[in-house]
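Structure first, then comments.
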Amino acid sequence: MRFNVAIDGPAGAGKSTIAREAARRQHMIYVDTGAMYRAMALFMLRNGIDPSDTESVVKQCALAHITIRYENGEQMVFLNGENVNSYLRTEEVGNATSVVSTIPKVREKMVELQQSLAAENDCIMDGRDIGTCVLPDAGLKVYLTADSTVRARRRYDELKAKGQECDLEKIREDIEERDYRDMHRETSPLRQAPDAVLLDTSSMTVEEVVERLMELCRERRG
């Protein structure tokens with residue numbers, strides 16, 4: 001039996017940062033499902049498809065071949081053979097992802113790949129519906145969250161560190177709008193699984209959150 005950890009939570013809660021580091025320390029595979037959906041959104045934007053045009057997205061979906069490879073322990077996302085890691089973290093792609101990811105056909109395609117990865121590897125997987133839909137039998141489920149103002153500040157600092165101009169209030173508004181869409185979408189809405197451990201990281205450092213996640217992993221793995 002593979003040991004899988006499912007981490008869910010809203011945008012900007014630090015899921016990817018925490019999951020990636022915990023997976024490294026636990027010698028597990030890290031699967032960033034959000035990056036897979038971002039690759040699909042990037043595909044639509046590059047091809048001039050309005051993310052909210054469900055019919056067009058569904059038609060084009062089959063043309064987007066998204067795969068994951070690991071190089072030097074890092075997850076690389078390939079879109080039709082191209083490594084697109086460096087294009088996935090823009091605000092434009094993030095906002096488009098929140099729309100595209102609500103489409104059932106898109107989710108079906110992604111879930112198949114995600115479940116296949118989990119069946120073949122001990123992994124930590126993060127996203128919006130991992131514990132509730134993708135890996136309902138995961139050995140450990142965690143719901144990672146933080147106040148929207150804190151999440152906006154983290155995102156703002158991250159973008160500024162990359163030399164990008166940004167507006168803190170606009171980022172907060174975008175995050176809250178994405179929260180609403182994710183929590184109210186018809187297919188696989190963002191919610192805490194009944195058996196998930198709640199971790200509010202608003203006043204925690206990255207190291208503190210990683211340590212807490214490591215403790216939980218050790219407890220569940222015995």
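Naming works like this for the structure tokens: A, B, ... for the chains as they're shown, residue 1 at the start of each chain, ligands 1 onward in shown order.
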With 10 Å as the cut-off and only C-alpha atoms counted, what is the closest atom pair between each nearby residue of segment 76-95 of chain A and segment 160-174 of chain A? Distances in Å to one decimal, ordered by chain and number, as a Markdown table.
```
| residue | atom | partner | partner_atom | distance |
| --- | --- | --- | --- | --- |
| A:Thr90 | CA | A:Gln164 | CA | 9.9 |
| A:Glu91 | CA | A:Ile171 | CA | 8.6 |
| A:Gly94 | CA | A:Asp174 | CA | 9.6 |
| A:Asn95 | CA | A:Asp174 | CA | 7.7 |
```
Could you please take those selected residues and save N, CA and C atoms as an mmCIF file, in the first residue's frame?
```
data_model
loop_
_atom_site.group_PDB
_atom_site.id
_atom_site.type_symbol
_atom_site.label_atom_id
_atom_site.label_comp_id
_atom_site.auth_asym_id
_atom_site.auth_seq_id
_atom_site.Cartn_x
_atom_site.Cartn_y
_atom_site.Cartn_z
ATOM 1 N N THR A 90 2.013 33.277 -13.139
ATOM 2 C CA THR A 90 1.558 34.659 -13.319
ATOM 3 C C THR A 90 0.128 34.802 -12.799
ATOM 4 N N GLU A 91 -0.262 36.032 -12.485
ATOM 5 C CA GLU A 91 -1.624 36.272 -12.012
ATOM 6 C C GLU A 91 -2.645 35.942 -13.089
ATOM 7 N N GLY A 94 -3.093 32.286 -13.143
ATOM 8 C CA GLY A 94 -3.765 31.887 -11.909
ATOM 9 C C GLY A 94 -5.263 32.138 -11.954
ATOM 10 N N ASN A 95 -5.650 33.303 -12.440
ATOM 11 C CA ASN A 95 -7.075 33.635 -12.523
ATOM 12 C C ASN A 95 -7.787 32.780 -13.566
#
```
Residue set, segment 20-211 of chain A restricted to alpha helix (DSSP H), as a ChimeraX atom specification: /A:20-26,33-46,54-61,91-100,104-120,148-161,168-184,206-211
Write the residues of the selection above to a file with C-alpha atoms, as an mmCIF file, in the first residue's frame.
```cif
data_model
loop_
_atom_site.group_PDB
_atom_site.id
_atom_site.type_symbol
_atom_site.label_atom_id
_atom_site.label_comp_id
_atom_site.auth_asym_id
_atom_site.auth_seq_id
_atom_site.Cartn_x
_atom_site.Cartn_y
_atom_site.Cartn_z
ATOM 1 C CA ARG A 20 7.334 20.301 -1.618
ATOM 2 C CA GLU A 21 9.607 20.624 1.427
ATOM 3 C CA ALA A 22 7.802 17.956 3.450
ATOM 4 C CA ALA A 23 7.982 15.552 0.500
ATOM 5 C CA ARG A 24 11.720 16.166 0.179
ATOM 6 C CA ARG A 25 12.301 15.399 3.851
ATOM 7 C CA GLN A 26 10.037 12.341 3.770
ATOM 8 C CA THR A 33 -1.959 19.432 -9.056
ATOM 9 C CA GLY A 34 -2.454 23.174 -9.301
ATOM 10 C CA ALA A 35 0.475 23.345 -11.724
ATOM 11 C CA MET A 36 -1.264 20.804 -13.940
ATOM 12 C CA TYR A 37 -4.411 22.911 -14.084
ATOM 13 C CA ARG A 38 -2.291 26.008 -14.661
ATOM 14 C CA ALA A 39 -0.735 24.297 -17.672
ATOM 15 C CA MET A 40 -4.208 23.713 -19.094
ATOM 16 C CA ALA A 41 -5.131 27.365 -18.476
ATOM 17 C CA LEU A 42 -1.884 28.464 -20.124
ATOM 18 C CA PHE A 43 -2.749 26.344 -23.155
ATOM 19 C CA MET A 44 -6.128 28.080 -23.465
ATOM 20 C CA LEU A 45 -4.645 31.568 -23.103
ATOM 21 C CA ARG A 46 -1.948 30.863 -25.677
ATOM 22 C CA THR A 54 -16.831 26.107 -21.574
ATOM 23 C CA GLU A 55 -17.710 24.667 -24.976
ATOM 24 C CA SER A 56 -14.472 25.910 -26.556
ATOM 25 C CA VAL A 57 -12.367 24.808 -23.585
ATOM 26 C CA VAL A 58 -13.834 21.288 -23.750
ATOM 27 C CA LYS A 59 -13.139 21.109 -27.508
ATOM 28 C CA GLN A 60 -9.525 22.254 -27.067
ATOM 29 C CA CYS A 61 -8.895 20.221 -23.926
ATOM 30 C CA GLU A 91 -1.624 36.272 -12.012
ATOM 31 C CA GLU A 92 -3.221 35.971 -15.451
ATOM 32 C CA VAL A 93 -2.674 32.218 -15.542
ATOM 33 C CA GLY A 94 -3.765 31.887 -11.909
ATOM 34 C CA ASN A 95 -7.075 33.635 -12.523
ATOM 35 C CA ALA A 96 -7.715 31.663 -15.716
ATOM 36 C CA THR A 97 -6.958 28.441 -13.852
ATOM 37 C CA SER A 98 -9.680 29.117 -11.298
ATOM 38 C CA VAL A 99 -12.190 29.287 -14.173
ATOM 39 C CA VAL A 100 -10.903 26.402 -16.318
ATOM 40 C CA PRO A 104 -15.912 18.713 -15.423
ATOM 41 C CA LYS A 105 -14.160 17.418 -18.571
ATOM 42 C CA VAL A 106 -10.946 19.194 -17.586
ATOM 43 C CA ARG A 107 -11.094 17.754 -14.083
ATOM 44 C CA GLU A 108 -11.747 14.232 -15.356
ATOM 45 C CA LYS A 109 -8.608 14.369 -17.471
ATOM 46 C CA MET A 110 -6.457 15.647 -14.594
ATOM 47 C CA VAL A 111 -7.810 13.297 -11.921
ATOM 48 C CA GLU A 112 -6.886 10.233 -13.985
ATOM 49 C CA LEU A 113 -3.229 11.308 -14.102
ATOM 50 C CA GLN A 114 -3.198 12.302 -10.424
ATOM 51 C CA GLN A 115 -4.640 8.995 -9.227
ATOM 52 C CA SER A 116 -2.181 7.094 -11.412
ATOM 53 C CA LEU A 117 0.754 8.950 -9.843
ATOM 54 C CA ALA A 118 -0.556 8.228 -6.329
ATOM 55 C CA ALA A 119 -1.038 4.534 -7.090
ATOM 56 C CA GLU A 120 2.587 4.197 -8.204
ATOM 57 C CA SER A 148 -6.874 36.286 3.035
ATOM 58 C CA THR A 149 -4.911 39.411 4.010
ATOM 59 C CA VAL A 150 -1.970 37.267 5.087
ATOM 60 C CA ARG A 151 -2.151 35.252 1.868
ATOM 61 C CA ALA A 152 -2.238 38.428 -0.218
ATOM 62 C CA ARG A 153 0.821 39.818 1.568
ATOM 63 C CA ARG A 154 2.739 36.589 0.966
ATOM 64 C CA ARG A 155 1.882 36.666 -2.734
ATOM 65 C CA TYR A 156 2.772 40.369 -2.926
ATOM 66 C CA ASP A 157 6.192 39.768 -1.329
ATOM 67 C CA GLU A 158 6.805 36.825 -3.659
ATOM 68 C CA LEU A 159 6.066 38.896 -6.781
ATOM 69 C CA LYS A 160 8.088 41.888 -5.568
ATOM 70 C CA ALA A 161 11.046 39.605 -4.895
ATOM 71 C CA LEU A 168 -1.494 44.451 -2.667
ATOM 72 C CA GLU A 169 -5.196 45.333 -2.529
ATOM 73 C CA LYS A 170 -5.803 43.984 -6.042
ATOM 74 C CA ILE A 171 -4.068 40.723 -5.088
ATOM 75 C CA ARG A 172 -6.276 40.407 -1.982
ATOM 76 C CA GLU A 173 -9.407 41.008 -4.062
ATOM 77 C CA ASP A 174 -8.312 38.416 -6.617
ATOM 78 C CA ILE A 175 -7.612 35.866 -3.874
ATOM 79 C CA GLU A 176 -11.018 36.369 -2.258
ATOM 80 C CA GLU A 177 -12.722 36.144 -5.647
ATOM 81 C CA ARG A 178 -10.881 32.896 -6.387
ATOM 82 C CA ASP A 179 -11.825 31.555 -2.947
ATOM 83 C CA TYR A 180 -15.493 32.195 -3.722
ATOM 84 C CA ARG A 181 -15.299 30.544 -7.143
ATOM 85 C CA ASP A 182 -13.417 27.529 -5.779
ATOM 86 C CA MET A 183 -15.796 27.050 -2.854
ATOM 87 C CA HIS A 184 -18.984 27.489 -4.878
ATOM 88 C CA VAL A 206 7.089 27.907 6.875
ATOM 89 C CA GLU A 207 9.388 25.828 9.081
ATOM 90 C CA GLU A 208 6.738 25.539 11.805
ATOM 91 C CA VAL A 209 4.148 24.326 9.306
ATOM 92 C CA VAL A 210 6.556 21.831 7.728
ATOM 93 C CA GLU A 211 7.470 20.463 11.166
#
```
Coordinates-based distance that separates atom CA of Gly9 of chain A from atom CA of Ile68 of chain A (Å, one decimal):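 Going from atom CA of Ile68 of chain A over to atom CA of Gly9 of chain A, I get 21.9 Å.
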Computed interatomic separation between atom CA of Ile66 of chain A and atom CA of Val31 of chain A (Å):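 Interatomic distance here is 13.3 Å.
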DSSP-assigned strand (DSSP E) members of segment 20-210 of chain A, reported as a VMD selection string: chain A and resid 29 to 32 66 to 71 74 to 79 82 to 83 123 to 127 140 to 145 197 to 200
Write out the residues from the selection above, keeping C-alpha atoms, as a PDB file, in the first residue's frame.
```pdb
ATOM      1  CA  ILE A  29       7.077  12.376  -4.537  1.00  0.00           C
ATOM      2  CA  TYR A  30       5.475  15.821  -4.565  1.00  0.00           C
ATOM      3  CA  VAL A  31       2.557  16.304  -6.962  1.00  0.00           C
ATOM      4  CA  ASP A  32       1.486  19.909  -7.504  1.00  0.00           C
ATOM      5  CA  ILE A  66       0.084  17.520 -19.933  1.00  0.00           C
ATOM      6  CA  THR A  67       2.676  15.306 -18.298  1.00  0.00           C
ATOM      7  CA  ILE A  68       4.887  15.413 -15.202  1.00  0.00           C
ATOM      8  CA  ARG A  69       8.528  14.425 -14.963  1.00  0.00           C
ATOM      9  CA  TYR A  70      11.005  14.669 -12.125  1.00  0.00           C
ATOM     10  CA  GLU A  71      14.440  16.134 -12.715  1.00  0.00           C
ATOM     11  CA  GLU A  74      11.883  18.724  -8.868  1.00  0.00           C
ATOM     12  CA  GLN A  75       8.526  18.400 -10.591  1.00  0.00           C
ATOM     13  CA  MET A  76       8.570  19.615 -14.184  1.00  0.00           C
ATOM     14  CA  VAL A  77       5.288  20.184 -16.005  1.00  0.00           C
ATOM     15  CA  PHE A  78       5.325  19.592 -19.738  1.00  0.00           C
ATOM     16  CA  LEU A  79       2.651  20.977 -22.055  1.00  0.00           C
ATOM     17  CA  GLU A  82       7.455  21.920 -23.625  1.00  0.00           C
ATOM     18  CA  ASN A  83       8.645  22.518 -20.059  1.00  0.00           C
ATOM     19  CA  CYS A 123       3.352  11.037  -2.538  1.00  0.00           C
ATOM     20  CA  ILE A 124       2.203  14.342  -1.105  1.00  0.00           C
ATOM     21  CA  MET A 125      -0.388  15.909  -3.365  1.00  0.00           C
ATOM     22  CA  ASP A 126      -1.899  19.356  -2.987  1.00  0.00           C
ATOM     23  CA  GLY A 127      -4.844  21.079  -4.607  1.00  0.00           C
ATOM     24  CA  LEU A 140      -3.297  11.695   5.892  1.00  0.00           C
ATOM     25  CA  LYS A 141      -5.476  14.633   4.894  1.00  0.00           C
ATOM     26  CA  VAL A 142      -4.661  18.244   5.791  1.00  0.00           C
ATOM     27  CA  TYR A 143      -6.640  21.413   5.146  1.00  0.00           C
ATOM     28  CA  LEU A 144      -4.145  24.269   4.983  1.00  0.00           C
ATOM     29  CA  THR A 145      -5.491  27.811   5.206  1.00  0.00           C
ATOM     30  CA  VAL A 197      -6.544  18.034  10.030  1.00  0.00           C
ATOM     31  CA  LEU A 198      -7.036  21.828   9.962  1.00  0.00           C
ATOM     32  CA  LEU A 199      -3.835  23.888   9.878  1.00  0.00           C
ATOM     33  CA  ASP A 200      -4.230  27.675   9.974  1.00  0.00           C
TER      34      ASP A 200
END
```
Atom-to-atom span, atom CA of Met1 of chain A and atom CA of Asn121 of chain A, Å: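 Between atom CA of Met1 of chain A and atom CA of Asn121 of chain A the gap is 9.5 Å.
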